[in-house]
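Data block below; observations after.
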Amino acid sequence: MSNLETLPAWQALWERREAIAETSISGLFAADPDRFERCSLELDGLLLDTSKQPVDDTTREALLALAQAREVAQQRDAMLAGEPINTSEGRAVLHTALRVPPEGAGWAGRAVADEVRHTRERMIELATAIRAGQRTGATGKPIRHVINIGIGGSDLGPRLVLEALAPDADGPAVHFVANVDGVELARALAECDPEATLVVVVSKSFGTVETMTNAHEVMAWLRRSVPADDVLERQMLAVTANLERVGELGLDPALALPMWDWVGGRYSLWSAVGFSIMLGIGPTAFGELLAGAHGMDRHFAEAPLEANMPVWLGLLSVLNGTLLGRRSQAVVPYTERLGHLSAYLQQLVMESNGKSVDAEGQPTHLPTAGVIWGQTGTPGQHAFFQALHQGTDVVPVDFIGVARPVAGERGDPLELTANLFAQSQALMQGRQGEHLSVARLCPGNRPSNTLLLELLTPYTLGALIALYEHRTFVEAAIWGINAFDQFGVELGKVLAVDLKPALAGAADTDALDGSTAGLISRYRAWRG
Ligand code: F6P
């Protein structure tokens with residue numbers, strides 16, 4: 001694939017970049033009363049409004065020409081067909097196959113349909129027995145608590161989903177332990193009755209140090225606290241693509257739930273990695289989550305480029321981030337239920353697309369993924385919104401709202417949504433006026449997208465997450481990078497292994513750089 005910079009479709013956009021940056025978004029509304037209808041898309045209770053972007057008809061056509069020149073549709077089809085598009089690792093990328101309903105088998109990932117179905121059936125059987133109290137802890141107590149031990153993709157997706165769907169949770173309480181600092185672990189152990197706790201160790205590689213360390217701690221806790229020889233068999237479960245290593249931890253590989261090398265960790269919540277989700281909300285709601293994601297998959301696969309939500313979100317991200325140099329993007333959900341969304345998206349977007357060489361190993365020259373970050377509204381309004389309105393950097397924002405509150409949840413939905421709409425309005429309109437002091441002026445013309453969900457349900461949440469997955473794919477397709485490897489995270493892991501002896505005082509620091517050696521020396525002194 002040719003370098004993006006040299007592509008005529010990109011150059012056409014590049015030549016217009018100043019005009020695009022200066023396009024008055026309010027002016028576009030003044031010129032076109034139907035702009036909202038023309039720039040919004042709707043699918044199954046999810047509305048995407050992209051009208052507050054500096055995109056007129058010419059820019060729109062140029063963006064679509066870019067998507068065509070970059071063969072986004074062909075790249076998407078290759079992914080869905082199971083071609084090894086993760087070229088650096090020679091792997092297929094088939095998280096979409098995890099969401100295909102039984103009757104839709106054959107739509108995508110035919111080759112893996114049987115193992116997906118088989119694993120789902122095992123998950124359902126096990127989750128149903130645990131939730132019904134038929135499969136108990138080793139001393140016969142029903143399982144009331146689950147400790148999910150995992151990190152990155154083996155943690156963030158299930159954590160996001162279970163917080164978002166807390167009103168649907170009717171199973172054991174799920175506690176998440178990711179960090180190796182011991183804080184989450186101590187909290188979880190304090191809340192759990194060991195005889196009524198199932199520990200799910202989730203790790204695609206089953207070699208991640210944090211996860212293995214926490215797993216050993218919890219194993220010791222179970223052994224100490226539960227008077228039964230078969231406690232590990234009954235109360236610990238592994239989810240992994242590396243079944244051989246399960247035995248090394250002292251667990252039975254035959255009891256483990258598998259995942260596969262064709263599912264990336266950050267795309268894996270739909271697999272057995274989501275077992276804790278299924279335990280928390282039940283197989284039916286888990287099925288609805290998958291159905292929502294599958295609905296978005298079909299939309300991505302079948303809608304024409306100009307009416308395709310992930311395609312637009314991806315193109316707009318490239319427009320803002322790469323063409324206009326707006327290197328950070330904020331995501332602001334107006335519900336505490338989506339409090340973990342920005343952490344989830346940080347891994348999804350930055351681990352996938354934080355790359356500086358393309359899929360063929362050539363420098364990208366142009367910037368790829370910048371920083372994605374965020375916090376819930378309205379609290380974010382009282383923290384960083386000042387910079388969004390008056391700061392020197394233009395930060396495109398994705399606002400996410402929910403129209404119908406969850407029954408029984410208190411709060412003031414009108415207040416919440418008025419704030420959401422007011423913020424995107426304020427970013428666009430700004431504040432001008434001769435009577436105002438300069439300090440009060442807001443430049444305006446700052447872009448945003450709004451995603452409005454009719455309700456936050458398993459279905460719409462599945463669709464929302466899949467939307468961001470495919471948006472990430474579209475960005476990568478335009479940049480020509482491989483979104484499915486993450487070699488950059490390896491170096492730090494290797495160095496940490498090397499530094500541990502020095503920190504413990506069992507190795508000298510002579511060969512280290514001055515800063516690291518100095519920090520180790522102070523650490524050792526303070527630790528005593
Ligand atoms: O360090 C990055 C990473 O490899 C992520 O890609 C992954 O989601 C996470 O670590 C956890 O990996 P595993 O599931 O193999 O423990």
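To be explicit about the labels: the chains of the structure tokens are called A, B, and onward in the order shown, and within each one the residues are counted from 1, while ligands get numbers from 1 in the order they are shown.
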
Backbone DSSP call of helix (DSSP H, G or I) for segment 92-193 of chain A, listed as a ChimeraX atom specification
/A:95-99,102-104,110-131,152-154,156-164,166-168,183-191

Residues just named, written with N, CA and C atoms as a compact mmCIF listing (two decimals), in the first residue's frame:
# COMPACT_ATOMS: atom_id res chain seq x y z
N HIS A 95 -12.56 -10.93 15.78
CA HIS A 95 -13.44 -10.69 16.92
C HIS A 95 -14.91 -10.57 16.48
N THR A 96 -15.13 -10.18 15.22
CA THR A 96 -16.51 -10.09 14.74
C THR A 96 -17.18 -11.47 14.73
N ALA A 97 -16.38 -12.54 14.56
CA ALA A 97 -16.97 -13.89 14.53
C ALA A 97 -17.52 -14.28 15.89
N LEU A 98 -17.05 -13.62 16.95
CA LEU A 98 -17.52 -13.95 18.30
C LEU A 98 -18.95 -13.46 18.54
N ARG A 99 -19.40 -12.57 17.66
CA ARG A 99 -20.73 -11.96 17.89
C ARG A 99 -21.78 -12.49 16.93
N PRO A 102 -26.03 -17.86 16.37
CA PRO A 102 -25.97 -19.21 15.80
C PRO A 102 -26.62 -19.30 14.42
N GLU A 103 -27.75 -18.60 14.26
CA GLU A 103 -28.45 -18.72 12.98
C GLU A 103 -27.74 -17.94 11.87
N GLY A 104 -26.80 -17.08 12.27
CA GLY A 104 -26.09 -16.28 11.26
C GLY A 104 -24.73 -16.85 10.92
N ARG A 110 -16.34 -18.10 9.22
CA ARG A 110 -16.90 -19.45 9.09
C ARG A 110 -15.95 -20.50 9.71
N ALA A 111 -14.68 -20.33 9.45
CA ALA A 111 -13.69 -21.34 9.86
C ALA A 111 -13.65 -21.51 11.37
N VAL A 112 -14.05 -20.47 12.10
CA VAL A 112 -13.94 -20.57 13.56
C VAL A 112 -15.30 -20.72 14.24
N ALA A 113 -16.35 -20.80 13.43
CA ALA A 113 -17.71 -20.80 13.99
C ALA A 113 -17.93 -21.92 15.00
N ASP A 114 -17.40 -23.11 14.70
CA ASP A 114 -17.65 -24.25 15.58
C ASP A 114 -17.01 -24.06 16.95
N GLU A 115 -15.74 -23.61 16.95
CA GLU A 115 -15.10 -23.45 18.26
C GLU A 115 -15.72 -22.29 19.04
N VAL A 116 -16.18 -21.27 18.33
CA VAL A 116 -16.85 -20.17 19.02
C VAL A 116 -18.13 -20.69 19.68
N ARG A 117 -18.90 -21.44 18.92
CA ARG A 117 -20.17 -21.95 19.45
C ARG A 117 -19.93 -22.89 20.63
N HIS A 118 -18.98 -23.77 20.46
CA HIS A 118 -18.69 -24.74 21.51
C HIS A 118 -18.28 -24.02 22.81
N THR A 119 -17.41 -23.05 22.69
CA THR A 119 -16.95 -22.33 23.89
C THR A 119 -18.10 -21.54 24.52
N ARG A 120 -18.91 -20.90 23.68
CA ARG A 120 -20.07 -20.17 24.22
C ARG A 120 -20.97 -21.11 25.00
N GLU A 121 -21.20 -22.30 24.44
CA GLU A 121 -22.08 -23.28 25.14
C GLU A 121 -21.49 -23.66 26.50
N ARG A 122 -20.17 -23.86 26.52
CA ARG A 122 -19.53 -24.20 27.82
C ARG A 122 -19.68 -23.04 28.80
N MET A 123 -19.49 -21.82 28.30
CA MET A 123 -19.63 -20.64 29.18
C MET A 123 -21.04 -20.57 29.75
N ILE A 124 -22.02 -20.78 28.88
CA ILE A 124 -23.42 -20.66 29.31
C ILE A 124 -23.75 -21.73 30.36
N GLU A 125 -23.29 -22.94 30.07
CA GLU A 125 -23.57 -24.05 31.00
C GLU A 125 -22.97 -23.76 32.39
N LEU A 126 -21.72 -23.34 32.36
CA LEU A 126 -21.02 -23.08 33.62
C LEU A 126 -21.63 -21.87 34.34
N ALA A 127 -21.85 -20.81 33.60
CA ALA A 127 -22.38 -19.58 34.23
C ALA A 127 -23.78 -19.85 34.81
N THR A 128 -24.57 -20.60 34.07
CA THR A 128 -25.93 -20.89 34.55
C THR A 128 -25.87 -21.70 35.85
N ALA A 129 -24.99 -22.69 35.87
CA ALA A 129 -24.88 -23.53 37.08
C ALA A 129 -24.37 -22.71 38.27
N ILE A 130 -23.44 -21.83 38.02
CA ILE A 130 -22.89 -21.01 39.12
C ILE A 130 -23.94 -20.02 39.61
N ARG A 131 -24.60 -19.36 38.68
CA ARG A 131 -25.60 -18.35 39.06
C ARG A 131 -26.78 -18.98 39.79
N GLY A 152 -5.17 -4.93 31.12
CA GLY A 152 -5.32 -4.51 29.72
C GLY A 152 -6.61 -5.07 29.15
N GLY A 153 -6.50 -5.73 28.01
CA GLY A 153 -7.70 -6.28 27.36
C GLY A 153 -8.36 -7.38 28.16
N SER A 154 -7.66 -7.93 29.12
CA SER A 154 -8.26 -8.99 29.95
C SER A 154 -8.95 -8.41 31.18
N LEU A 156 -10.15 -4.43 30.99
CA LEU A 156 -10.85 -3.16 30.73
C LEU A 156 -12.24 -3.34 30.13
N GLY A 157 -12.38 -4.30 29.20
CA GLY A 157 -13.69 -4.50 28.57
C GLY A 157 -14.72 -5.00 29.58
N PRO A 158 -14.43 -6.13 30.28
CA PRO A 158 -15.39 -6.60 31.28
C PRO A 158 -15.68 -5.55 32.36
N ARG A 159 -14.67 -4.79 32.76
CA ARG A 159 -14.87 -3.75 33.77
C ARG A 159 -15.83 -2.67 33.26
N LEU A 160 -15.59 -2.21 32.04
CA LEU A 160 -16.47 -1.21 31.43
C LEU A 160 -17.91 -1.72 31.36
N VAL A 161 -18.06 -2.93 30.84
CA VAL A 161 -19.41 -3.45 30.60
C VAL A 161 -20.16 -3.66 31.91
N LEU A 162 -19.48 -4.22 32.91
CA LEU A 162 -20.22 -4.49 34.15
C LEU A 162 -20.58 -3.22 34.89
N GLU A 163 -19.76 -2.19 34.76
CA GLU A 163 -20.17 -0.93 35.40
C GLU A 163 -21.35 -0.32 34.62
N ALA A 164 -21.26 -0.39 33.30
CA ALA A 164 -22.32 0.20 32.47
C ALA A 164 -23.66 -0.51 32.70
N ALA A 166 -24.63 -2.28 35.37
CA ALA A 166 -24.87 -2.64 36.77
C ALA A 166 -26.36 -2.83 37.08
N PRO A 167 -27.26 -2.02 36.50
CA PRO A 167 -28.68 -2.26 36.81
C PRO A 167 -29.18 -3.62 36.31
N ASP A 168 -28.48 -4.21 35.34
CA ASP A 168 -28.90 -5.53 34.83
C ASP A 168 -28.25 -6.67 35.62
N VAL A 183 -3.47 -2.91 45.90
CA VAL A 183 -4.60 -2.16 46.45
C VAL A 183 -5.93 -2.81 46.07
N GLU A 184 -6.11 -3.06 44.77
CA GLU A 184 -7.38 -3.67 44.35
C GLU A 184 -7.52 -5.07 44.95
N LEU A 185 -6.41 -5.76 45.03
CA LEU A 185 -6.45 -7.12 45.56
C LEU A 185 -6.90 -7.11 47.03
N ALA A 186 -6.31 -6.21 47.81
CA ALA A 186 -6.66 -6.13 49.23
C ALA A 186 -8.14 -5.79 49.39
N ARG A 187 -8.60 -4.84 48.55
CA ARG A 187 -10.01 -4.44 48.61
C ARG A 187 -10.91 -5.63 48.29
N ALA A 188 -10.58 -6.35 47.23
CA ALA A 188 -11.42 -7.47 46.81
C ALA A 188 -11.45 -8.55 47.90
N LEU A 189 -10.27 -8.88 48.42
CA LEU A 189 -10.24 -9.96 49.42
C LEU A 189 -11.02 -9.57 50.67
N ALA A 190 -10.97 -8.28 51.00
CA ALA A 190 -11.69 -7.82 52.19
C ALA A 190 -13.21 -7.98 52.02
N GLU A 191 -13.66 -7.92 50.76
CA GLU A 191 -15.11 -7.97 50.52
C GLU A 191 -15.63 -9.38 50.25

Within 6 Å of segment 315-330 of chain A, counting only C-alpha atoms, which residues show up once you throw out same-chain ones fewer than 5 positions away? Write them as a list of chain:residue names, please.
A:Pro367, A:Gly370, A:Val371, A:Ile372, A:Trp373, A:Gly374, A:Val395, A:Pro396, A:Val397

Put those residues in a file: N, CA and C atoms, as a PDB file, in the first residue's frame.
ATOM      1  N   PRO A 367       1.297  11.895  11.182  1.00  0.00           N
ATOM      2  CA  PRO A 367       0.945  11.425  12.526  1.00  0.00           C
ATOM      3  C   PRO A 367      -0.215  10.420  12.507  1.00  0.00           C
ATOM      4  N   GLY A 370      -3.250  10.045  18.140  1.00  0.00           N
ATOM      5  CA  GLY A 370      -2.768  10.938  19.193  1.00  0.00           C
ATOM      6  C   GLY A 370      -3.230  10.409  20.538  1.00  0.00           C
ATOM      7  N   VAL A 371      -3.608  11.318  21.397  1.00  0.00           N
ATOM      8  CA  VAL A 371      -4.024  10.925  22.746  1.00  0.00           C
ATOM      9  C   VAL A 371      -5.546  10.965  22.814  1.00  0.00           C
ATOM     10  N   ILE A 372      -6.140   9.903  23.302  1.00  0.00           N
ATOM     11  CA  ILE A 372      -7.586   9.916  23.549  1.00  0.00           C
ATOM     12  C   ILE A 372      -7.785   9.849  25.055  1.00  0.00           C
ATOM     13  N   TRP A 373      -8.660  10.643  25.557  1.00  0.00           N
ATOM     14  CA  TRP A 373      -8.797  10.764  27.002  1.00  0.00           C
ATOM     15  C   TRP A 373     -10.212  11.261  27.295  1.00  0.00           C
ATOM     16  N   GLY A 374     -10.559  11.312  28.569  1.00  0.00           N
ATOM     17  CA  GLY A 374     -11.873  11.842  28.895  1.00  0.00           C
ATOM     18  C   GLY A 374     -12.303  11.524  30.304  1.00  0.00           C
ATOM     19  N   VAL A 395      -9.458  20.698  20.710  1.00  0.00           N
ATOM     20  CA  VAL A 395      -9.612  19.275  21.063  1.00  0.00           C
ATOM     21  C   VAL A 395     -10.989  18.800  20.591  1.00  0.00           C
ATOM     22  N   PRO A 396     -11.040  17.978  19.556  1.00  0.00           N
ATOM     23  CA  PRO A 396     -12.355  17.449  19.139  1.00  0.00           C
ATOM     24  C   PRO A 396     -12.928  16.564  20.256  1.00  0.00           C
ATOM     25  N   VAL A 397     -14.238  16.654  20.426  1.00  0.00           N
ATOM     26  CA  VAL A 397     -14.868  15.905  21.524  1.00  0.00           C
ATOM     27  C   VAL A 397     -15.937  14.963  20.966  1.00  0.00           C
TER      28      VAL A 397
END

Residues up to 6 Å from ligand 1, counting only C-alpha atoms and all ligand atoms: could you list those as a ChimeraX atom specification?
/A:151-154,203-206,208,265-266,489

Under the rule of at most 7 Å, produce a per-residue listing of segment 399-514 of chain A near segment 270-291 of chain A: chain, number, name, the closest pair of atoms, and the distance in Å, as a tab-separated table, using only C-alpha atoms.
residue	atom	partner	partner_atom	distance
A:Pro458	CA	A:Leu289	CA	4.4
A:Tyr459	CA	A:Leu289	CA	4.7
A:Leu461	CA	A:Leu289	CA	6.6
A:Gly462	CA	A:Leu289	CA	4.6

From the list A:Gly380, A:Ala19, A:Asp485, A:Thr6, which residue is nearest Gly90 of chain A when using only C-alpha atoms?
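Distance minimum relative to Gly90 of chain A lands on A:Asp485.
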
Can you check which residues of segment 144-259 of chain A DSSP gives as strand (DSSP E) on the backbone and send them as a PyMOL selection string?
chain A and resi 145-149+173-177+197-202+236-240+257-258

To one decimal place, how far is atom CA of Thr509 of chain A from atom CA of Tyr523 of chain A in Å?
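Separation between atom CA of Thr509 of chain A and atom CA of Tyr523 of chain A: 12.6 Å.
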
Smallest atom-to-atom distance to Tyr468 of chain A: which of A:Ser51, A:Asn214, A:Gln425, A:Gln347, using only C-alpha atoms?
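Ranking A:Ser51, A:Asn214, A:Gln425, A:Gln347 by distance to Tyr468 of chain A, first place goes to A:Gln347.
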
For Leu66 of chain A, find every residue with an atom within 8 Å (counting only C-alpha atoms), except residues of its own chain fewer than 5 positions away, and show them as a VMD selection string.
chain A and resid 9 to 10 478

Output file for the selection above: all heavy atoms, as a short mmCIF file (atom, residue, chain, number, x, y, z; two decimals), in the first residue's frame:
data_model
loop_
_atom_site.label_atom_id
_atom_site.label_comp_id
_atom_site.auth_asym_id
_atom_site.auth_seq_id
_atom_site.Cartn_x
_atom_site.Cartn_y
_atom_site.Cartn_z
N ALA A 9 -5.67 11.48 -3.36
CA ALA A 9 -6.86 11.78 -2.55
C ALA A 9 -6.46 12.48 -1.25
O ALA A 9 -7.20 13.34 -0.74
CB ALA A 9 -7.63 10.49 -2.24
N TRP A 10 -5.31 12.11 -0.70
CA TRP A 10 -4.84 12.80 0.51
C TRP A 10 -4.35 14.21 0.15
O TRP A 10 -4.65 15.18 0.85
CB TRP A 10 -3.72 12.00 1.19
CG TRP A 10 -3.15 12.74 2.36
CD1 TRP A 10 -1.99 13.46 2.39
CD2 TRP A 10 -3.76 12.89 3.64
NE1 TRP A 10 -1.84 14.04 3.62
CE2 TRP A 10 -2.92 13.71 4.42
CE3 TRP A 10 -4.95 12.41 4.22
CZ2 TRP A 10 -3.21 14.05 5.74
CZ3 TRP A 10 -5.23 12.76 5.53
CH2 TRP A 10 -4.37 13.56 6.28
N ILE A 478 -6.85 3.88 6.80
CA ILE A 478 -6.44 5.12 6.11
C ILE A 478 -4.94 5.34 6.29
O ILE A 478 -4.23 5.69 5.35
CB ILE A 478 -7.21 6.34 6.67
CG1 ILE A 478 -8.72 6.17 6.53
CG2 ILE A 478 -6.71 7.63 6.01
CD1 ILE A 478 -9.28 6.40 5.18
#

With only C-alpha atoms as the atoms that count, which of A:Asn353, A:Gln423, A:Asn3, A:Asn449 lies nearest to Trp312 of chain A?
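Residue with the minimum atom-to-atom distance to Trp312 of chain A: A:Asn449.
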
Would you pick out the contacts of Lys493 of chain A at 10 Å or less, using only C-alpha atoms, so that residues sharing its chain but fewer than 5 positions from it are not included, and give the list as a list in words?
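So, after excluding close chain neighbours, the residues are Thr208, Val209, Gly488 and Asp498 of chain A.
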
Take the residues from that selection and write them out as an mmCIF file, in the first residue's frame, keeping N, CA and C atoms.
data_model
loop_
_atom_site.group_PDB
_atom_site.id
_atom_site.type_symbol
_atom_site.label_atom_id
_atom_site.label_comp_id
_atom_site.auth_asym_id
_atom_site.auth_seq_id
_atom_site.Cartn_x
_atom_site.Cartn_y
_atom_site.Cartn_z
ATOM 1 N N THR A 208 1.555 -12.844 31.678
ATOM 2 C CA THR A 208 1.644 -11.437 32.095
ATOM 3 C C THR A 208 1.951 -11.373 33.593
ATOM 4 N N VAL A 209 3.035 -10.687 33.910
ATOM 5 C CA VAL A 209 3.577 -10.763 35.272
ATOM 6 C C VAL A 209 2.549 -10.311 36.319
ATOM 7 N N GLY A 488 5.326 -2.314 20.866
ATOM 8 C CA GLY A 488 5.886 -1.240 21.693
ATOM 9 C C GLY A 488 5.795 -1.506 23.190
ATOM 10 N N ASP A 498 14.786 -7.018 34.117
ATOM 11 C CA ASP A 498 16.217 -6.793 34.372
ATOM 12 C C ASP A 498 16.454 -5.924 35.607
#

In Å to one decimal, how far is atom CA of Glu18 of chain A from atom CA of Asn445 of chain A?
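Separation between atom CA of Asn445 of chain A and atom CA of Glu18 of chain A: 13.7 Å.
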
Rank A:Val394, A:Ile85, A:Leu80, A:Leu313 by their smallest atom-to-atom distance to Glu360 of chain A, using only C-alpha atoms, and report the top residue only.
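Ranking A:Val394, A:Ile85, A:Leu80, A:Leu313 by distance to Glu360 of chain A, first place goes to A:Ile85.
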